[in-house]
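Undergrad: Pasting in a structure now, in structure tokens, and then I'll have a few things to ask.
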Amino acid sequence: MNKARRNPLNNAAMHAILIAYTCVALFPVFVILINSFKTRKAIFREPLALPDADSFSMIGYQTVMEQGDFFLYFQNSFIVTVASLFFVLVFGAMAAFALSEYRFKGNTLMGLYLALGIMIPIRIGTVAILEMMVATGLVNTLWALILVYTAQGLPLAIFILSEFMRQVSADLKDAGRIDGLTEYTIFFRLVLPLVRPAMATVAVFNMIPIWNDLWFPLILAPAEHTKTLTLGSQVFIGQFVTDWNAVLSALSMAILPVMILYVIFSRQLIRGITSGAVK
Amino acid sequence: MTALSLTKVNKSFGKVQVLYDIDLQVDEGEFVVFVGPSGCGKSTLLRVIAGLEDATSGEIFIAGEQVNMTPPAKRGIAMVFQTYALYPHLTVRGNMALALKQEGQPKDVIAARITEASRMLDLDPYLDRRPSELSGGQRQRVAIGRAVVRQPKLFLFDEPLSNLDAALRMNTRIEISDLHRSLGATIIYVTHDQTEAMTLADKIVVLRDGRVEQVGSPMELYNNPANQFVAGFLGAPSMNFLPASTVGGAEGLTLGVRPEDLARDPAGLLEAEVTHVEHLGGDTNVVLRGPVGTDITLRLFGQHEIGFGETLRLGFPPERAFYFDAEGRRVAA
Ligand SMILES: Nc1ncnc2c1ncn2[C@@H]1O[C@H](COP(=O)(O)OP(=O)(O)OP(=O)(O)O)[C@@H](O)[C@H]1O
Ligand SMILES: [Mg+2]
């Protein structure tokens, strides 16, 4: 922002609003975190109090560690999320490049067809997907989830990325062609680094829904060895009794990996903006 | 020898035809400039020559070889773009080396060529910087350097100066002209600036709406334009056009006189009222309202005191007048 145009009062008001919003947004997370370190009684007596010497307890974490194979669930979630994001980004970017760069018959139609997925939720096809997975023997494998999440993420990824790729200087790509670079080199070395902010956006948009999804793990991969974290945590939520300590602890731990991924992507978001390709 | 030859080149984008039957011969060592108004197809023609677009029909020969099916990198050309198009992730040295590496040149050859080019273009202090750390003028020199190191048979420039400010434009223009002389290179240069065209070219190709209007040396085109479009496009300020009948010519013809050929003359055939005067020091440009309301520009050398609203009588040597028919074709008086 321009320094000369900055009014101190405006500035203060703006920060006040932003800080207030941050507090509101972080409040639930904060409540989950503090309660995960309290005894069951303390959680219900004073949900908003910080844990003190009296109410402090690691019982929730202990239960989580003992119950089921929590680290395996963790690993499953991580593999599924990272692999799906990887495929969404690679294939999405490639398709977006083809759609924005090459003139071929049916280009517009192809673009529309791919964008259709943005409007139609993939869950509508659950039964058909399950049938396909059964037919191909992929039920109760992580591949089932990775494939579904890749399909789910691609439409929006292609839509966003092709818009950004159209903005990459055509001259730059042509300079590469004249210098003898292959189309793959042009794509990976010239274009991808320039759309990095868009890639990060797509990754962030896709990451949370995949990490949090309960539907597809429950239907496609409910076996013990393929359970994801969200599905695994469900054992603590019963019809009649819920082990709140364990649920809160599991949720607290589930926040960490997404946060790490988010930090990685958001740094990319900022970095991509500073390169000076063309005037 | 012929460096480039085009025969009956047509180009359409879908249903829209952009180039019509372009025929052109460029000799080795020639500096050829394509000029024309915006959207006339200059860039498209250059990209067809480069191989970035396929010609819809017609043949392209570079140094005697048919290259219609040859990819851009194998055509022996190098191109400089209006937006520089430097690789943002590579240093200046890396930018210049990339194409040579792709060609599989040995390391010492690459180093030698970069040294040579950077000396020629004064790029030595910047070799290890990235494009984002250079000014516009420096970036354009790097882009030119990237073309020079390839030692191409044909240089292609697409409006390389249009992003530079006036002073830098003049310097770079001189630099490109020097480069042409010292390398003896064949250059094809696209611009819509007629000053650039006149000052740089051995041969100018005037394009309009995808057709070649006229080809010739700058002075040929200036002294002997084939039609009204070429006459009006080259020369600044541009040629005056008025109905020939106002000076006693044939009905239906258009008279063209260059502003510098007009002079104040008590016995002149034209009478006009001054509406605007531009004092440039060396020249004085006078804009007048002519007999049928057409604007007439008069270019006087030196400084003149001329008042607004004054009525002047203007004459011109009859051999400096051009006549055009209703279709804009040049006809004898
Ligand atoms: N990829 C394309 N698809 C469709 N039409 C195109 C394409 N590229 C260029 N054209 C059309 O071709 C015509 C010529 O374009 P071109 O870029 O060659 O003009 P130009 O003479 O270089 O103009 P300028 O001086 O503005 O750069 C224009 O009418 C343009 O709309
Ligand atoms: Mg152009």
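Letters A, B, ... go to the chains of the structure tokens in the order shown; residues in each chain start at 1; ligands are counted from 1 in the same order.
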Only residues of chain B matter here; which ones have an atom within 9 Å of chain A, counting only C-alpha atoms? Give them as a PyMOL selection string.

TA: chain B and resi 50-52+71-75+77-89+98-100+102-103+130-133+136+139+163

Undergrad: Please, could you write that set of residues out with N, CA and C atoms as an mmCIF file, in the first residue's frame?

TA:
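part-v2.cif written:
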```
data_model
loop_
_atom_site.group_PDB
_atom_site.id
_atom_site.type_symbol
_atom_site.label_atom_id
_atom_site.label_comp_id
_atom_site.auth_asym_id
_atom_site.auth_seq_id
_atom_site.Cartn_x
_atom_site.Cartn_y
_atom_site.Cartn_z
ATOM 1 N N ALA B 50 8.935 -17.781 -38.984
ATOM 2 C CA ALA B 50 9.637 -18.422 -37.876
ATOM 3 C C ALA B 50 9.200 -19.867 -37.669
ATOM 4 N N GLY B 51 8.011 -20.202 -38.170
ATOM 5 C CA GLY B 51 7.512 -21.550 -37.950
ATOM 6 C C GLY B 51 6.653 -21.665 -36.710
ATOM 7 N N LEU B 52 6.332 -20.522 -36.088
ATOM 8 C CA LEU B 52 5.463 -20.566 -34.908
ATOM 9 C C LEU B 52 4.009 -20.724 -35.326
ATOM 10 N N PRO B 71 10.628 -27.557 -37.808
ATOM 11 C CA PRO B 71 10.277 -26.844 -36.568
ATOM 12 C C PRO B 71 11.135 -25.588 -36.399
ATOM 13 N N PRO B 72 10.623 -24.601 -35.640
ATOM 14 C CA PRO B 72 11.295 -23.310 -35.512
ATOM 15 C C PRO B 72 12.776 -23.425 -35.154
ATOM 16 N N ALA B 73 13.102 -24.323 -34.236
ATOM 17 C CA ALA B 73 14.485 -24.399 -33.750
ATOM 18 C C ALA B 73 15.448 -24.840 -34.844
ATOM 19 N N LYS B 74 14.927 -25.523 -35.885
ATOM 20 C CA LYS B 74 15.824 -26.061 -36.915
ATOM 21 C C LYS B 74 15.850 -25.190 -38.159
ATOM 22 N N ARG B 75 15.188 -24.020 -38.110
ATOM 23 C CA ARG B 75 15.119 -23.209 -39.325
ATOM 24 C C ARG B 75 16.316 -22.277 -39.486
ATOM 25 N N ILE B 77 16.952 -19.649 -37.546
ATOM 26 C CA ILE B 77 16.494 -18.294 -37.310
ATOM 27 C C ILE B 77 16.638 -17.955 -35.832
ATOM 28 N N ALA B 78 16.607 -16.673 -35.517
ATOM 29 C CA ALA B 78 16.524 -16.246 -34.120
ATOM 30 C C ALA B 78 15.544 -15.091 -34.084
ATOM 31 N N MET B 79 14.809 -14.985 -32.991
ATOM 32 C CA MET B 79 13.752 -13.986 -32.955
ATOM 33 C C MET B 79 13.872 -13.129 -31.700
ATOM 34 N N VAL B 80 13.593 -11.847 -31.860
ATOM 35 C CA VAL B 80 13.566 -10.930 -30.720
ATOM 36 C C VAL B 80 12.138 -10.410 -30.593
ATOM 37 N N PHE B 81 11.590 -10.534 -29.385
ATOM 38 C CA PHE B 81 10.180 -10.216 -29.199
ATOM 39 C C PHE B 81 9.990 -8.830 -28.585
ATOM 40 N N GLN B 82 8.805 -8.289 -28.827
ATOM 41 C CA GLN B 82 8.436 -6.989 -28.270
ATOM 42 C C GLN B 82 8.507 -6.988 -26.748
ATOM 43 N N THR B 83 8.084 -8.104 -26.128
ATOM 44 C CA THR B 83 8.071 -8.168 -24.658
ATOM 45 C C THR B 83 9.343 -8.799 -24.103
ATOM 46 N N TYR B 84 10.398 -8.854 -24.915
ATOM 47 C CA TYR B 84 11.700 -9.420 -24.520
ATOM 48 C C TYR B 84 11.653 -10.932 -24.353
ATOM 49 N N ALA B 85 10.647 -11.433 -23.580
ATOM 50 C CA ALA B 85 10.499 -12.882 -23.408
ATOM 51 C C ALA B 85 11.777 -13.549 -22.936
ATOM 52 N N LEU B 86 12.428 -12.958 -21.937
ATOM 53 C CA LEU B 86 13.609 -13.605 -21.358
ATOM 54 C C LEU B 86 13.142 -14.684 -20.392
ATOM 55 N N TYR B 87 13.967 -15.710 -20.209
ATOM 56 C CA TYR B 87 13.618 -16.763 -19.265
ATOM 57 C C TYR B 87 13.847 -16.249 -17.855
ATOM 58 N N PRO B 88 12.779 -16.140 -17.060
ATOM 59 C CA PRO B 88 12.907 -15.477 -15.751
ATOM 60 C C PRO B 88 13.783 -16.248 -14.777
ATOM 61 N N HIS B 89 13.898 -17.574 -14.961
ATOM 62 C CA HIS B 89 14.633 -18.359 -13.971
ATOM 63 C C HIS B 89 16.106 -18.477 -14.298
ATOM 64 N N LEU B 98 21.137 -20.999 -23.458
ATOM 65 C CA LEU B 98 20.145 -22.074 -23.538
ATOM 66 C C LEU B 98 20.010 -22.700 -24.934
ATOM 67 N N ALA B 99 19.824 -21.826 -25.937
ATOM 68 C CA ALA B 99 19.607 -22.359 -27.288
ATOM 69 C C ALA B 99 20.827 -23.126 -27.768
ATOM 70 N N LEU B 100 22.025 -22.624 -27.418
ATOM 71 C CA LEU B 100 23.251 -23.298 -27.861
ATOM 72 C C LEU B 100 23.377 -24.664 -27.199
ATOM 73 N N GLN B 102 20.873 -26.478 -26.272
ATOM 74 C CA GLN B 102 19.894 -27.335 -26.931
ATOM 75 C C GLN B 102 20.431 -27.860 -28.257
ATOM 76 N N GLU B 103 21.240 -27.004 -28.922
ATOM 77 C CA GLU B 103 21.822 -27.431 -30.201
ATOM 78 C C GLU B 103 22.941 -28.439 -29.989
ATOM 79 N N ARG B 130 19.664 -11.767 -13.059
ATOM 80 C CA ARG B 130 18.448 -12.301 -13.643
ATOM 81 C C ARG B 130 17.687 -11.179 -14.350
ATOM 82 N N PRO B 131 16.825 -11.531 -15.288
ATOM 83 C CA PRO B 131 16.087 -10.501 -16.037
ATOM 84 C C PRO B 131 15.362 -9.508 -15.136
ATOM 85 N N SER B 132 14.847 -9.990 -13.989
ATOM 86 C CA SER B 132 14.086 -9.078 -13.132
ATOM 87 C C SER B 132 14.965 -7.996 -12.535
ATOM 88 N N GLU B 133 16.287 -8.173 -12.611
ATOM 89 C CA GLU B 133 17.186 -7.165 -12.038
ATOM 90 C C GLU B 133 17.747 -6.228 -13.096
ATOM 91 N N GLY B 136 14.539 -1.987 -18.671
ATOM 92 C CA GLY B 136 13.925 -2.367 -19.944
ATOM 93 C C GLY B 136 14.924 -2.391 -21.090
ATOM 94 N N ARG B 139 17.221 -5.306 -20.763
ATOM 95 C CA ARG B 139 16.544 -6.566 -21.107
ATOM 96 C C ARG B 139 16.494 -6.742 -22.617
ATOM 97 N N ASN B 163 8.560 -0.957 -26.535
ATOM 98 C CA ASN B 163 8.399 -0.792 -25.092
ATOM 99 C C ASN B 163 9.434 0.147 -24.491
#
```

Undergrad: Please identify every polymer residue within 8 Å of ligand 1, using only C-alpha atoms and all ligand atoms, and present the set as a list in words.

TA: Ser12, Phe13, Gly14, Val16, Gln17, Val18, Val35, Gly36, Pro37, Ser38, Gly39, Cys40, Gly41, Lys42, Ser43, Thr44, Leu45, Leu46, Glu159, Val190, Thr191, His192, Asp209 and Gly210 of chain B

Undergrad: Can you list, as JSON, numbers by chain, every protein, DNA or RNA residue that comes within 8 Å of Ile110 of chain B when you count only C-alpha atoms, leaving out same-chain residues fewer than 5 positions away?

TA: {"B": [97, 100, 101, 105]}

Undergrad: Write down as a PyMOL selection string the residues belonging to segment 222-309 of chain B that are assigned helix (DSSP H, G or I) by DSSP computed on the backbone.

TA: chain B and resi 222-223+228-233+244-247+259-261

Undergrad: Hey, can you spit out that residue selection with C-alpha atoms as a PDB file, in the first residue's frame?

TA:
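This is the output file out19.pdb:
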```
ATOM      1  CA  TYR B 222       8.863   7.924 -50.754  1.00  0.00           C
ATOM      2  CA  ASN B 223       9.448   9.272 -54.237  1.00  0.00           C
ATOM      3  CA  GLN B 228      -2.520   6.353 -52.027  1.00  0.00           C
ATOM      4  CA  PHE B 229      -2.097   4.075 -49.019  1.00  0.00           C
ATOM      5  CA  VAL B 230       1.682   3.835 -49.361  1.00  0.00           C
ATOM      6  CA  ALA B 231       1.904   7.546 -50.111  1.00  0.00           C
ATOM      7  CA  GLY B 232      -0.009   8.388 -46.960  1.00  0.00           C
ATOM      8  CA  PHE B 233       1.721   5.856 -44.749  1.00  0.00           C
ATOM      9  CA  ALA B 244      -7.636  17.349 -57.776  1.00  0.00           C
ATOM     10  CA  SER B 245     -10.391  19.568 -59.094  1.00  0.00           C
ATOM     11  CA  THR B 246      -9.543  22.257 -56.518  1.00  0.00           C
ATOM     12  CA  VAL B 247      -6.283  22.956 -58.346  1.00  0.00           C
ATOM     13  CA  PRO B 259       3.973  18.892 -46.620  1.00  0.00           C
ATOM     14  CA  GLU B 260       7.627  19.590 -47.394  1.00  0.00           C
ATOM     15  CA  ASP B 261       6.884  20.160 -51.099  1.00  0.00           C
TER      16      ASP B 261
END
```

Undergrad: Please provide the set of residues having any atom within 8 Å of Ala246 of chain A, restricted to only C-alpha atoms, with same-chain residues fewer than 2 positions apart removed, written as a PyMOL selection string.

TA: chain A and resi 36+59-61+63-64+236+243-244+248-250

Undergrad: Please indicate the distance in Å from atom CA of Gln268 of chain A to atom CA of Ala93 of chain A, rounded to one decimal place.

TA: 15.9 Å

Undergrad: Using atom CA of Asp69 of chain A and atom CA of Lys227 of chain A as the two end points, give the distance in Å to one decimal.

TA: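 Here the two named atoms are 9.3 Å from each other.
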